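K.L.:
Mind looking over this structure? Questions follow.
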Amino acid sequence: IDKNIPLLIDEAVLKIPQMVEILTKLNESKRKIVSIKSYVRYTVKKLIVLSKPNVIVPNLKKGALDRVENYAFDSKTLCWIKEKMLENSTVATQKKWFKRIFLTRKSLNKRTCNEAELEPILRKYGFVFVDTGSLSVVEQVLLFSHAEIIAGSSGAAFTNLMFCKRGTKAIIFMPVKSPLSCFSSLASAVGVSAIYFSDNNSNQTIHQKSFSINPTELDKYLASIEK
């Protein structure tokens, strides 16, 4: 494709520093980026539509059940992005990367679990609490690429599973038992083992509510993988 052809990017994307960081690293041919505003009609003489690296249903009709087939990933494209981001990810500071990380959501107000109750158990097994929202994309890539076990409540931070080594374990906390497979499908594509923990006492039907994970069950599971 002619390198003089610009990329049309949603204006909302360009307001997120981490998204701009990703674009800068992957836009190797330095194409011009044109910002597209919401609710504005544009006339384009020739438009080249790129294939999607994934298909993810953003919202479900009320009453509709989530299904595994709602989530599909192009593993070849994922591997290409992974390689490119790892190639371009260097941090000047001497930052320490951890083998076991817990993705804290203390600064958020949705899909939060009983972190305070689980924290002593997680720390007993060597987990370090990390807020990925405070990290650059490069730092997130390196954090996940060095980790051996990653735990936390379901959320966008688990997209970084694509940067993990094969054999890495992901422990994903969920408010409800659900066939939500966006993270497990992504994990499978890059050779990561994913397991879901849900709130067995919850009658909730949506993913956004706060919830509670049984500390004893978590303790038993973490002890089992130590053996």
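Residue numbering restarts at 1 for every chain of the structure tokens, chains are lettered A, B, ... in their displayed order, and ligands are numbered from 1 as they appear.
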Set the distance at 12 Å and use only C-alpha atoms: which residues neighbour Leu26 in chain A once local chain neighbours fewer than 3 positions away are removed? I'd like the list as a tab-separated table (two decimals) with C-alpha atoms, in the first residue's frame.
P.N.:
```tsv
chain	number	residue	atom	x	y	z
A	7	LEU	CA	-4.28	6.17	8.41
A	19	MET	CA	-2.92	4.04	22.23
A	20	VAL	CA	-0.78	6.79	20.72
A	21	GLU	CA	2.32	4.96	22.00
A	22	ILE	CA	1.23	1.73	20.25
A	23	LEU	CA	0.47	3.58	17.00
A	29	SER	CA	6.43	3.61	7.59
A	30	LYS	CA	5.53	6.88	9.37
A	31	ARG	CA	2.21	7.26	7.62
A	80	TRP	CA	3.20	-10.30	14.54
A	81	ILE	CA	2.06	-7.53	16.92
A	82	LYS	CA	3.71	-9.34	19.84
A	83	GLU	CA	7.04	-9.61	18.03
A	84	LYS	CA	6.98	-5.98	16.90
A	85	MET	CA	6.12	-4.64	20.35
A	86	LEU	CA	8.77	-6.79	22.06
A	87	GLU	CA	11.36	-5.65	19.50
A	88	ASN	CA	10.55	-2.00	20.21
A	89	SER	CA	10.15	-2.26	23.99
```
K.L.:
When DSSP is applied to the backbone of this structure, which of range 26-187 of chain A are assigned helix (DSSP H, G or I)? Write them out as a compact mmCIF listing (two decimals) with all heavy atoms, in the first residue's frame.
P.N.:
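As written to disk, selection_6.txt reads:
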```txt
# COMPACT_ATOMS: atom_id res chain seq x y z
N LEU A 26 4.07 0.90 15.97
CA LEU A 26 3.70 0.01 14.87
C LEU A 26 3.62 0.72 13.51
O LEU A 26 3.63 0.07 12.48
CB LEU A 26 2.36 -0.66 15.18
CG LEU A 26 2.34 -1.61 16.40
CD1 LEU A 26 0.98 -2.26 16.54
CD2 LEU A 26 3.42 -2.68 16.28
N VAL A 68 -19.10 -18.42 23.40
CA VAL A 68 -17.68 -18.54 23.07
C VAL A 68 -17.40 -18.00 21.67
O VAL A 68 -16.39 -17.32 21.44
CB VAL A 68 -17.23 -20.01 23.18
CG1 VAL A 68 -15.83 -20.19 22.62
CG2 VAL A 68 -17.28 -20.49 24.63
N GLU A 69 -18.30 -18.27 20.73
CA GLU A 69 -18.06 -17.86 19.34
C GLU A 69 -18.16 -16.35 19.12
O GLU A 69 -17.96 -15.86 18.01
CB GLU A 69 -19.00 -18.60 18.38
CG GLU A 69 -20.47 -18.49 18.72
CD GLU A 69 -20.96 -19.67 19.56
OE1 GLU A 69 -20.20 -20.14 20.43
OE2 GLU A 69 -22.10 -20.10 19.34
N ASN A 70 -18.47 -15.59 20.18
CA ASN A 70 -18.48 -14.13 20.07
C ASN A 70 -17.07 -13.56 19.99
O ASN A 70 -16.89 -12.37 19.73
CB ASN A 70 -19.20 -13.50 21.28
CG ASN A 70 -20.71 -13.67 21.21
OD1 ASN A 70 -21.26 -13.97 20.18
ND2 ASN A 70 -21.36 -13.46 22.35
N SER A 75 -4.49 -15.51 15.16
CA SER A 75 -3.27 -15.77 15.92
C SER A 75 -2.01 -15.30 15.18
O SER A 75 -1.04 -14.87 15.81
CB SER A 75 -3.16 -17.26 16.26
OG SER A 75 -3.19 -18.04 15.10
N LYS A 76 -2.03 -15.37 13.84
CA LYS A 76 -0.87 -14.93 13.07
C LYS A 76 -0.62 -13.43 13.27
O LYS A 76 0.51 -12.98 13.47
CB LYS A 76 -1.08 -15.24 11.58
CG LYS A 76 0.11 -14.91 10.70
CD LYS A 76 -0.14 -15.30 9.25
CE LYS A 76 1.06 -14.97 8.37
NZ LYS A 76 0.82 -15.35 6.96
N THR A 77 -1.72 -12.66 13.24
CA THR A 77 -1.59 -11.22 13.43
C THR A 77 -1.17 -10.90 14.86
O THR A 77 -0.34 -10.02 15.10
CB THR A 77 -2.93 -10.52 13.12
OG1 THR A 77 -3.32 -10.83 11.79
CG2 THR A 77 -2.81 -9.01 13.25
N LEU A 78 -1.73 -11.63 15.83
CA LEU A 78 -1.36 -11.42 17.23
C LEU A 78 0.13 -11.64 17.43
O LEU A 78 0.81 -10.86 18.12
CB LEU A 78 -2.14 -12.37 18.14
CG LEU A 78 -3.61 -12.06 18.41
CD1 LEU A 78 -4.21 -13.14 19.30
CD2 LEU A 78 -3.77 -10.70 19.05
N CYS A 79 0.65 -12.69 16.84
CA CYS A 79 2.08 -13.01 16.98
C CYS A 79 2.94 -11.93 16.33
O CYS A 79 4.01 -11.58 16.85
CB CYS A 79 2.38 -14.38 16.39
SG CYS A 79 1.70 -15.75 17.36
N TRP A 80 2.46 -11.38 15.21
CA TRP A 80 3.20 -10.30 14.54
C TRP A 80 3.26 -9.07 15.44
O TRP A 80 4.33 -8.46 15.63
CB TRP A 80 2.54 -9.95 13.21
CG TRP A 80 3.26 -8.85 12.47
CD1 TRP A 80 4.32 -8.97 11.62
CD2 TRP A 80 2.96 -7.45 12.53
NE1 TRP A 80 4.69 -7.75 11.15
CE2 TRP A 80 3.89 -6.79 11.69
CE3 TRP A 80 2.01 -6.69 13.22
CZ2 TRP A 80 3.88 -5.41 11.52
CZ3 TRP A 80 2.02 -5.32 13.05
CH2 TRP A 80 2.94 -4.69 12.20
N ILE A 81 2.11 -8.69 16.02
CA ILE A 81 2.06 -7.53 16.92
C ILE A 81 2.96 -7.78 18.13
O ILE A 81 3.71 -6.90 18.56
CB ILE A 81 0.62 -7.24 17.37
CG1 ILE A 81 -0.24 -6.82 16.17
CG2 ILE A 81 0.59 -6.15 18.45
CD1 ILE A 81 -1.71 -6.67 16.48
N LYS A 82 2.89 -8.99 18.67
CA LYS A 82 3.71 -9.34 19.84
C LYS A 82 5.19 -9.16 19.53
O LYS A 82 5.93 -8.54 20.30
CB LYS A 82 3.41 -10.79 20.25
CG LYS A 82 4.26 -11.30 21.40
CD LYS A 82 3.89 -12.73 21.76
CE LYS A 82 4.69 -13.25 22.94
NZ LYS A 82 4.26 -14.62 23.35
N GLU A 83 5.63 -9.70 18.40
CA GLU A 83 7.04 -9.61 18.03
C GLU A 83 7.48 -8.16 17.83
O GLU A 83 8.55 -7.76 18.30
CB GLU A 83 7.29 -10.41 16.74
CG GLU A 83 7.20 -11.93 16.93
CD GLU A 83 7.23 -12.68 15.62
OE1 GLU A 83 7.46 -12.03 14.58
OE2 GLU A 83 7.03 -13.90 15.64
N LYS A 84 6.64 -7.38 17.16
CA LYS A 84 6.98 -5.98 16.90
C LYS A 84 7.08 -5.18 18.19
O LYS A 84 7.98 -4.35 18.37
CB LYS A 84 5.93 -5.34 15.97
CG LYS A 84 6.01 -5.84 14.54
CD LYS A 84 7.32 -5.41 13.88
CE LYS A 84 7.42 -5.89 12.45
NZ LYS A 84 8.73 -5.56 11.84
N MET A 85 6.12 -5.39 19.10
CA MET A 85 6.12 -4.64 20.35
C MET A 85 7.30 -5.05 21.24
O MET A 85 7.91 -4.21 21.89
CB MET A 85 4.80 -4.84 21.09
CG MET A 85 3.60 -4.20 20.40
SD MET A 85 3.77 -2.41 20.15
CE MET A 85 3.79 -1.82 21.85
N LEU A 86 7.63 -6.34 21.25
CA LEU A 86 8.77 -6.79 22.06
C LEU A 86 10.09 -6.26 21.48
O LEU A 86 11.00 -5.91 22.22
CB LEU A 86 8.80 -8.32 22.13
CG LEU A 86 7.75 -8.96 23.04
CD1 LEU A 86 7.73 -10.47 22.86
CD2 LEU A 86 8.03 -8.61 24.51
N GLU A 87 10.17 -6.19 20.15
CA GLU A 87 11.36 -5.65 19.50
C GLU A 87 11.58 -4.19 19.89
O GLU A 87 12.72 -3.74 20.07
CB GLU A 87 11.21 -5.71 17.97
CG GLU A 87 11.46 -7.06 17.36
CD GLU A 87 11.18 -7.05 15.85
OE1 GLU A 87 11.04 -5.93 15.29
OE2 GLU A 87 11.11 -8.13 15.25
N GLU A 115 -10.21 -7.44 47.19
CA GLU A 115 -8.75 -7.44 47.12
C GLU A 115 -8.10 -7.41 48.50
O GLU A 115 -7.10 -8.10 48.74
CB GLU A 115 -8.25 -6.23 46.31
CG GLU A 115 -8.40 -6.37 44.83
CD GLU A 115 -7.66 -5.27 44.08
OE1 GLU A 115 -6.67 -4.74 44.64
OE2 GLU A 115 -8.06 -4.95 42.95
N ALA A 116 -8.64 -6.59 49.40
CA ALA A 116 -8.03 -6.45 50.73
C ALA A 116 -8.01 -7.80 51.46
O ALA A 116 -7.04 -8.13 52.15
CB ALA A 116 -8.80 -5.42 51.54
N GLU A 117 -9.08 -8.59 51.27
CA GLU A 117 -9.17 -9.89 51.92
C GLU A 117 -8.22 -10.90 51.27
O GLU A 117 -7.67 -11.78 51.94
CB GLU A 117 -10.61 -10.40 51.86
CG GLU A 117 -10.87 -11.67 52.64
CD GLU A 117 -12.33 -12.10 52.58
OE1 GLU A 117 -13.09 -11.59 51.72
OE2 GLU A 117 -12.70 -12.97 53.38
N LEU A 118 -8.04 -10.77 49.96
CA LEU A 118 -7.20 -11.71 49.21
C LEU A 118 -5.72 -11.35 49.26
O LEU A 118 -4.86 -12.20 49.03
CB LEU A 118 -7.66 -11.76 47.75
CG LEU A 118 -9.10 -12.19 47.48
CD1 LEU A 118 -9.38 -12.10 45.98
CD2 LEU A 118 -9.37 -13.60 47.99
N GLU A 119 -5.42 -10.11 49.57
CA GLU A 119 -4.03 -9.63 49.49
C GLU A 119 -3.05 -10.44 50.33
O GLU A 119 -1.98 -10.82 49.81
CB GLU A 119 -3.96 -8.15 49.88
CG GLU A 119 -2.57 -7.57 49.70
CD GLU A 119 -2.53 -6.06 49.79
OE1 GLU A 119 -3.60 -5.42 49.87
OE2 GLU A 119 -1.41 -5.50 49.77
N PRO A 120 -3.35 -10.75 51.61
CA PRO A 120 -2.39 -11.55 52.39
C PRO A 120 -2.09 -12.91 51.77
O PRO A 120 -0.95 -13.38 51.80
CB PRO A 120 -3.08 -11.71 53.75
CG PRO A 120 -4.07 -10.60 53.83
CD PRO A 120 -4.53 -10.38 52.42
N ILE A 121 -3.13 -13.53 51.17
CA ILE A 121 -2.95 -14.84 50.54
C ILE A 121 -2.06 -14.70 49.31
O ILE A 121 -1.12 -15.47 49.11
CB ILE A 121 -4.31 -15.44 50.15
CG1 ILE A 121 -5.15 -15.71 51.41
CG2 ILE A 121 -4.13 -16.73 49.35
CD1 ILE A 121 -6.59 -16.05 51.13
N LEU A 122 -2.36 -13.71 48.49
CA LEU A 122 -1.59 -13.51 47.26
C LEU A 122 -0.13 -13.17 47.57
O LEU A 122 0.79 -13.69 46.93
CB LEU A 122 -2.23 -12.40 46.43
CG LEU A 122 -3.57 -12.78 45.78
CD1 LEU A 122 -4.37 -11.53 45.42
CD2 LEU A 122 -3.33 -13.62 44.53
N ARG A 123 0.08 -12.32 48.55
CA ARG A 123 1.45 -11.96 48.91
C ARG A 123 2.21 -13.15 49.51
O ARG A 123 3.42 -13.28 49.33
CB ARG A 123 1.45 -10.77 49.87
CG ARG A 123 0.98 -9.47 49.20
CD ARG A 123 1.35 -8.25 50.00
NE ARG A 123 0.85 -7.02 49.41
CZ ARG A 123 1.43 -6.35 48.39
NH1 ARG A 123 2.54 -6.83 47.86
NH2 ARG A 123 0.90 -5.24 47.92
N LYS A 124 1.48 -14.04 50.20
CA LYS A 124 2.10 -15.24 50.74
C LYS A 124 2.73 -16.09 49.64
O LYS A 124 3.75 -16.75 49.84
CB LYS A 124 1.06 -16.07 51.51
CG LYS A 124 1.61 -17.35 52.13
CD LYS A 124 0.57 -18.06 52.98
CE LYS A 124 -0.48 -18.76 52.12
NZ LYS A 124 -1.39 -19.63 52.92
N THR A 132 -1.73 -1.39 36.21
CA THR A 132 -1.24 -1.22 34.84
C THR A 132 -1.63 0.14 34.26
O THR A 132 -0.99 0.61 33.33
CB THR A 132 -1.78 -2.33 33.91
OG1 THR A 132 -3.21 -2.36 33.99
CG2 THR A 132 -1.23 -3.69 34.31
N GLY A 133 -2.68 0.76 34.82
CA GLY A 133 -3.10 2.07 34.32
C GLY A 133 -2.05 3.14 34.51
O GLY A 133 -2.07 4.17 33.83
N SER A 134 -1.11 2.90 35.43
CA SER A 134 -0.05 3.88 35.70
C SER A 134 1.21 3.60 34.88
O SER A 134 2.19 4.32 34.99
CB SER A 134 0.30 3.86 37.19
OG SER A 134 0.87 2.61 37.55
N VAL A 137 2.85 1.67 27.74
CA VAL A 137 2.65 0.43 26.99
C VAL A 137 3.91 -0.42 27.05
O VAL A 137 3.85 -1.64 27.26
CB VAL A 137 2.26 0.71 25.52
CG1 VAL A 137 2.27 -0.57 24.71
CG2 VAL A 137 0.89 1.35 25.46
N VAL A 138 5.06 0.20 26.87
CA VAL A 138 6.34 -0.54 26.91
C VAL A 138 6.51 -1.23 28.26
O VAL A 138 6.89 -2.40 28.32
CB VAL A 138 7.52 0.41 26.63
CG1 VAL A 138 8.84 -0.25 27.02
CG2 VAL A 138 7.56 0.80 25.16
N GLU A 139 6.18 -0.52 29.34
CA GLU A 139 6.30 -1.11 30.67
C GLU A 139 5.34 -2.28 30.85
O GLU A 139 5.68 -3.30 31.46
CB GLU A 139 6.06 -0.04 31.74
CG GLU A 139 7.19 0.97 31.84
CD GLU A 139 6.87 2.12 32.77
OE1 GLU A 139 5.70 2.54 32.83
OE2 GLU A 139 7.79 2.60 33.45
N GLN A 140 4.12 -2.16 30.30
CA GLN A 140 3.16 -3.25 30.39
C GLN A 140 3.63 -4.47 29.59
O GLN A 140 3.51 -5.61 30.04
CB GLN A 140 1.79 -2.78 29.89
CG GLN A 140 1.12 -1.76 30.80
CD GLN A 140 -0.24 -1.33 30.29
OE1 GLN A 140 -1.11 -2.16 30.04
NE2 GLN A 140 -0.44 -0.03 30.14
N VAL A 141 4.17 -4.23 28.40
CA VAL A 141 4.68 -5.32 27.57
C VAL A 141 5.78 -6.07 28.31
O VAL A 141 5.77 -7.32 28.38
CB VAL A 141 5.23 -4.77 26.23
CG1 VAL A 141 6.01 -5.85 25.48
CG2 VAL A 141 4.10 -4.25 25.35
N LEU A 142 6.72 -5.35 28.89
CA LEU A 142 7.83 -5.99 29.59
C LEU A 142 7.37 -6.66 30.88
O LEU A 142 7.86 -7.74 31.24
CB LEU A 142 8.92 -4.96 29.89
CG LEU A 142 9.64 -4.41 28.65
CD1 LEU A 142 10.58 -3.28 29.02
CD2 LEU A 142 10.42 -5.51 27.94
N LEU A 143 6.41 -6.05 31.58
CA LEU A 143 5.87 -6.63 32.81
C LEU A 143 5.28 -8.01 32.53
O LEU A 143 5.58 -8.99 33.21
CB LEU A 143 4.80 -5.71 33.39
CG LEU A 143 4.08 -6.21 34.65
CD1 LEU A 143 5.01 -6.15 35.85
CD2 LEU A 143 2.81 -5.39 34.90
N PHE A 144 4.44 -8.09 31.50
CA PHE A 144 3.78 -9.36 31.18
C PHE A 144 4.74 -10.36 30.54
O PHE A 144 4.60 -11.57 30.75
CB PHE A 144 2.58 -9.11 30.25
CG PHE A 144 1.33 -8.68 30.98
CD1 PHE A 144 1.23 -7.43 31.55
CD2 PHE A 144 0.26 -9.56 31.11
CE1 PHE A 144 0.08 -7.04 32.23
CE2 PHE A 144 -0.89 -9.18 31.79
CZ PHE A 144 -0.98 -7.91 32.36
N SER A 145 5.70 -9.89 29.79
CA SER A 145 6.63 -10.82 29.12
C SER A 145 7.57 -11.49 30.11
O SER A 145 8.11 -12.55 29.82
CB SER A 145 7.43 -10.08 28.04
OG SER A 145 8.32 -9.14 28.61
N HIS A 146 7.75 -10.90 31.29
CA HIS A 146 8.63 -11.49 32.31
C HIS A 146 7.85 -12.32 33.33
O HIS A 146 8.45 -13.09 34.09
CB HIS A 146 9.41 -10.40 33.06
CG HIS A 146 10.53 -9.83 32.26
ND1 HIS A 146 10.37 -8.85 31.31
CD2 HIS A 146 11.87 -10.10 32.27
CE1 HIS A 146 11.54 -8.54 30.77
NE2 HIS A 146 12.46 -9.29 31.33
N ALA A 156 -9.51 -4.92 30.83
CA ALA A 156 -8.68 -4.67 29.65
C ALA A 156 -7.21 -4.98 29.86
O ALA A 156 -6.49 -5.27 28.90
CB ALA A 156 -8.86 -3.22 29.20
N ALA A 157 -6.73 -4.92 31.11
CA ALA A 157 -5.30 -5.18 31.37
C ALA A 157 -4.91 -6.57 30.90
O ALA A 157 -3.75 -6.81 30.54
CB ALA A 157 -5.00 -5.02 32.86
N PHE A 158 -5.88 -7.52 30.89
CA PHE A 158 -5.56 -8.88 30.48
C PHE A 158 -5.32 -9.00 28.97
O PHE A 158 -4.88 -10.04 28.50
CB PHE A 158 -6.65 -9.85 30.92
CG PHE A 158 -6.47 -10.37 32.32
CD1 PHE A 158 -7.22 -9.88 33.38
CD2 PHE A 158 -5.51 -11.33 32.60
CE1 PHE A 158 -7.04 -10.35 34.66
CE2 PHE A 158 -5.31 -11.81 33.88
CZ PHE A 158 -6.08 -11.31 34.92
N THR A 159 -5.56 -7.93 28.22
CA THR A 159 -5.19 -7.93 26.80
C THR A 159 -3.68 -8.15 26.66
O THR A 159 -3.21 -8.71 25.67
CB THR A 159 -5.58 -6.59 26.15
OG1 THR A 159 -6.97 -6.37 26.36
CG2 THR A 159 -5.31 -6.62 24.65
N ASN A 160 -2.94 -7.72 27.68
CA ASN A 160 -1.48 -7.88 27.67
C ASN A 160 -1.02 -9.33 27.73
O ASN A 160 0.18 -9.60 27.62
CB ASN A 160 -0.87 -7.10 28.83
CG ASN A 160 -0.93 -5.60 28.62
OD1 ASN A 160 -0.46 -5.09 27.61
ND2 ASN A 160 -1.53 -4.90 29.57
N LEU A 161 -1.95 -10.26 27.90
CA LEU A 161 -1.57 -11.68 27.87
C LEU A 161 -0.88 -12.03 26.56
O LEU A 161 -0.09 -12.97 26.50
CB LEU A 161 -2.80 -12.57 28.07
CG LEU A 161 -3.43 -12.60 29.46
CD1 LEU A 161 -4.68 -13.50 29.45
CD2 LEU A 161 -2.44 -13.10 30.50
N MET A 162 -1.18 -11.27 25.52
CA MET A 162 -0.58 -11.56 24.21
C MET A 162 0.94 -11.40 24.24
O MET A 162 1.64 -11.92 23.36
CB MET A 162 -1.18 -10.65 23.14
CG MET A 162 -0.88 -9.18 23.30
SD MET A 162 -1.73 -8.17 22.07
CE MET A 162 -0.88 -8.68 20.59
N PHE A 163 1.48 -10.72 25.26
CA PHE A 163 2.92 -10.52 25.33
C PHE A 163 3.62 -11.53 26.24
O PHE A 163 4.83 -11.48 26.42
CB PHE A 163 3.22 -9.09 25.82
CG PHE A 163 2.61 -8.03 24.95
CD1 PHE A 163 1.66 -7.15 25.45
CD2 PHE A 163 2.97 -7.92 23.62
CE1 PHE A 163 1.09 -6.19 24.66
CE2 PHE A 163 2.40 -6.96 22.80
CZ PHE A 163 1.46 -6.09 23.32
N CYS A 182 -13.12 -13.99 25.78
CA CYS A 182 -12.18 -13.11 25.09
C CYS A 182 -10.75 -13.30 25.61
O CYS A 182 -9.81 -13.38 24.82
CB CYS A 182 -12.60 -11.64 25.22
SG CYS A 182 -13.00 -11.11 26.88
N PHE A 183 -10.59 -13.44 26.93
CA PHE A 183 -9.24 -13.58 27.47
C PHE A 183 -8.70 -15.00 27.34
O PHE A 183 -7.52 -15.20 27.08
CB PHE A 183 -9.22 -13.13 28.94
CG PHE A 183 -9.65 -11.71 29.11
CD1 PHE A 183 -10.71 -11.38 29.94
CD2 PHE A 183 -9.02 -10.68 28.42
CE1 PHE A 183 -11.12 -10.07 30.09
CE2 PHE A 183 -9.43 -9.36 28.55
CZ PHE A 183 -10.48 -9.05 29.40
N SER A 184 -9.57 -16.01 27.50
CA SER A 184 -9.09 -17.39 27.36
C SER A 184 -8.75 -17.70 25.90
O SER A 184 -7.82 -18.44 25.63
CB SER A 184 -10.12 -18.38 27.91
OG SER A 184 -11.39 -18.15 27.37
N SER A 185 -9.51 -17.13 24.97
CA SER A 185 -9.20 -17.33 23.53
C SER A 185 -7.87 -16.67 23.19
O SER A 185 -7.04 -17.24 22.48
CB SER A 185 -10.30 -16.74 22.65
OG SER A 185 -11.51 -17.44 22.82
N LEU A 186 -7.66 -15.46 23.70
CA LEU A 186 -6.39 -14.76 23.50
C LEU A 186 -5.24 -15.55 24.11
O LEU A 186 -4.20 -15.73 23.49
CB LEU A 186 -6.48 -13.36 24.12
CG LEU A 186 -5.22 -12.51 24.12
CD1 LEU A 186 -4.73 -12.28 22.70
CD2 LEU A 186 -5.48 -11.18 24.82
N ALA A 187 -5.47 -16.05 25.33
CA ALA A 187 -4.44 -16.84 26.02
C ALA A 187 -4.08 -18.07 25.21
O ALA A 187 -2.90 -18.41 25.05
CB ALA A 187 -4.93 -17.22 27.41
```
K.L.:
Which residues come within 10 Å of range 225-227 of chain A, counting only C-alpha atoms, excluding same-chain residues fewer than 4 positions away, as a ChimeraX atom specification?
P.N.:
/A:125,169,220-221
K.L.:
Restricting the calculation to only C-alpha atoms: of A:Thr112, A:Asn27, A:Ser181, A:Asn4, which residue gets closest to Lys209 in chain A?
P.N.:
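Among A:Thr112, A:Asn27, A:Ser181, A:Asn4, it is A:Thr112 that comes nearest to Lys209 in chain A.
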K.L.:
Counting only C-alpha atoms, what is within 7 Å of Ile9 in chain A, bar same-chain residues fewer than 6 positions away, as a VMD selection string?
P.N.:
chain A and resid 33 to 36
K.L.:
Just asking: which residues within range 76-196 of chain A are strand (DSSP E or B) according to DSSP, as a PyMOL selection string?
P.N.:
chain A and resi 100-103+128-130+149-153+169-174+193-196
K.L.:
Just N, CA, C and O atoms for this one: save the residues we selected as a CSV table (one decimal), in the first residue's frame.
P.N.:
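New file result-v2.csv:
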```csv
chain,number,residue,atom,x,y,z
A,100,ARG,N,5.5,-13.0,39.6
A,100,ARG,CA,4.1,-13.1,39.9
A,100,ARG,C,3.4,-11.8,40.1
A,100,ARG,O,3.9,-11.0,41.0
A,101,ILE,N,2.4,-11.5,39.4
A,101,ILE,CA,1.8,-10.1,39.5
A,101,ILE,C,0.3,-10.2,39.7
A,101,ILE,O,-0.4,-11.1,39.1
A,102,PHE,N,-0.3,-9.3,40.5
A,102,PHE,CA,-1.7,-9.2,40.7
A,102,PHE,C,-2.1,-7.9,40.1
A,102,PHE,O,-1.6,-6.8,40.5
A,103,LEU,N,-3.1,-7.9,39.2
A,103,LEU,CA,-3.5,-6.6,38.5
A,103,LEU,C,-4.6,-6.0,39.4
A,103,LEU,O,-5.8,-6.3,39.3
A,128,VAL,N,3.0,-9.6,43.5
A,128,VAL,CA,3.3,-8.2,43.7
A,128,VAL,C,2.1,-7.5,43.0
A,128,VAL,O,1.7,-7.8,41.9
A,129,PHE,N,1.5,-6.5,43.7
A,129,PHE,CA,0.3,-5.8,43.2
A,129,PHE,C,0.8,-4.7,42.3
A,129,PHE,O,1.6,-3.9,42.6
A,130,VAL,N,0.2,-4.6,41.1
A,130,VAL,CA,0.5,-3.7,40.0
A,130,VAL,C,-0.7,-3.0,39.4
A,130,VAL,O,-1.7,-3.7,39.1
A,149,ILE,N,3.1,-16.0,36.5
A,149,ILE,CA,1.7,-16.2,36.9
A,149,ILE,C,1.1,-14.8,37.0
A,149,ILE,O,1.7,-13.9,37.6
A,150,ILE,N,-0.1,-14.6,36.4
A,150,ILE,CA,-0.7,-13.3,36.5
A,150,ILE,C,-2.2,-13.5,37.0
A,150,ILE,O,-2.9,-14.4,36.5
A,151,ALA,N,-2.6,-12.7,38.0
A,151,ALA,CA,-3.9,-12.9,38.6
A,151,ALA,C,-4.6,-11.5,38.6
A,151,ALA,O,-3.9,-10.5,38.6
A,152,GLY,N,-5.9,-11.5,38.6
A,152,GLY,CA,-6.6,-10.2,38.7
A,152,GLY,C,-8.0,-10.4,38.3
A,152,GLY,O,-8.4,-11.4,37.7
A,153,SER,N,-8.8,-9.3,38.5
A,153,SER,CA,-10.2,-9.3,38.0
A,153,SER,C,-10.2,-9.0,36.5
A,153,SER,O,-9.4,-8.3,36.0
A,169,LYS,N,0.8,-18.7,33.3
A,169,LYS,CA,-0.5,-19.0,33.9
A,169,LYS,C,-1.2,-17.7,34.1
A,169,LYS,O,-0.7,-16.7,34.7
A,170,ALA,N,-2.5,-17.6,33.8
A,170,ALA,CA,-3.4,-16.5,34.1
A,170,ALA,C,-4.6,-16.9,34.9
A,170,ALA,O,-5.2,-17.9,34.6
A,171,ILE,N,-4.8,-16.3,36.0
A,171,ILE,CA,-5.9,-16.5,37.0
A,171,ILE,C,-6.8,-15.3,36.9
A,171,ILE,O,-6.5,-14.3,37.4
A,172,ILE,N,-8.0,-15.5,36.3
A,172,ILE,CA,-8.9,-14.4,36.0
A,172,ILE,C,-10.1,-14.5,36.9
A,172,ILE,O,-10.8,-15.5,36.9
A,173,PHE,N,-10.3,-13.4,37.8
A,173,PHE,CA,-11.5,-13.4,38.6
A,173,PHE,C,-12.7,-12.8,37.9
A,173,PHE,O,-12.5,-11.8,37.2
A,174,MET,N,-13.8,-13.4,38.1
A,174,MET,CA,-15.1,-13.0,37.4
A,174,MET,C,-16.2,-12.9,38.4
A,174,MET,O,-16.3,-13.6,39.4
A,193,SER,N,-1.9,-20.5,29.7
A,193,SER,CA,-2.9,-21.3,30.4
A,193,SER,C,-3.8,-20.4,31.3
A,193,SER,O,-3.3,-19.7,32.2
A,194,ALA,N,-5.1,-20.3,31.0
A,194,ALA,CA,-6.0,-19.4,31.7
A,194,ALA,C,-7.0,-20.2,32.5
A,194,ALA,O,-7.6,-21.2,32.0
A,195,ILE,N,-7.3,-19.8,33.7
A,195,ILE,CA,-8.3,-20.4,34.5
A,195,ILE,C,-9.2,-19.2,35.1
A,195,ILE,O,-8.7,-18.2,35.4
A,196,TYR,N,-10.5,-19.4,35.2
A,196,TYR,CA,-11.4,-18.4,35.7
A,196,TYR,C,-11.8,-18.8,37.1
A,196,TYR,O,-12.2,-20.0,37.4
```
K.L.:
Check the smallest atom-to-atom distance from each of A:Lys46, A:Lys25, A:Lys106, A:Arg41 to Ile5 in chain A using only C-alpha atoms, then report the winner.
P.N.:
A:Lys46
K.L.:
May I ask which of the residues A:Gln18, A:Thr168, A:Thr24, A:Ser224 is the closest one to Lys99 in chain A, counting only C-alpha atoms?
P.N.:
A:Thr168
K.L.:
CA of Asp10 in chain A to CA of Ser136 in chain A: how many Å, to one decimal?
P.N.:
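Separation of CA of Asp10 in chain A and CA of Ser136 in chain A: 20.5 Å.
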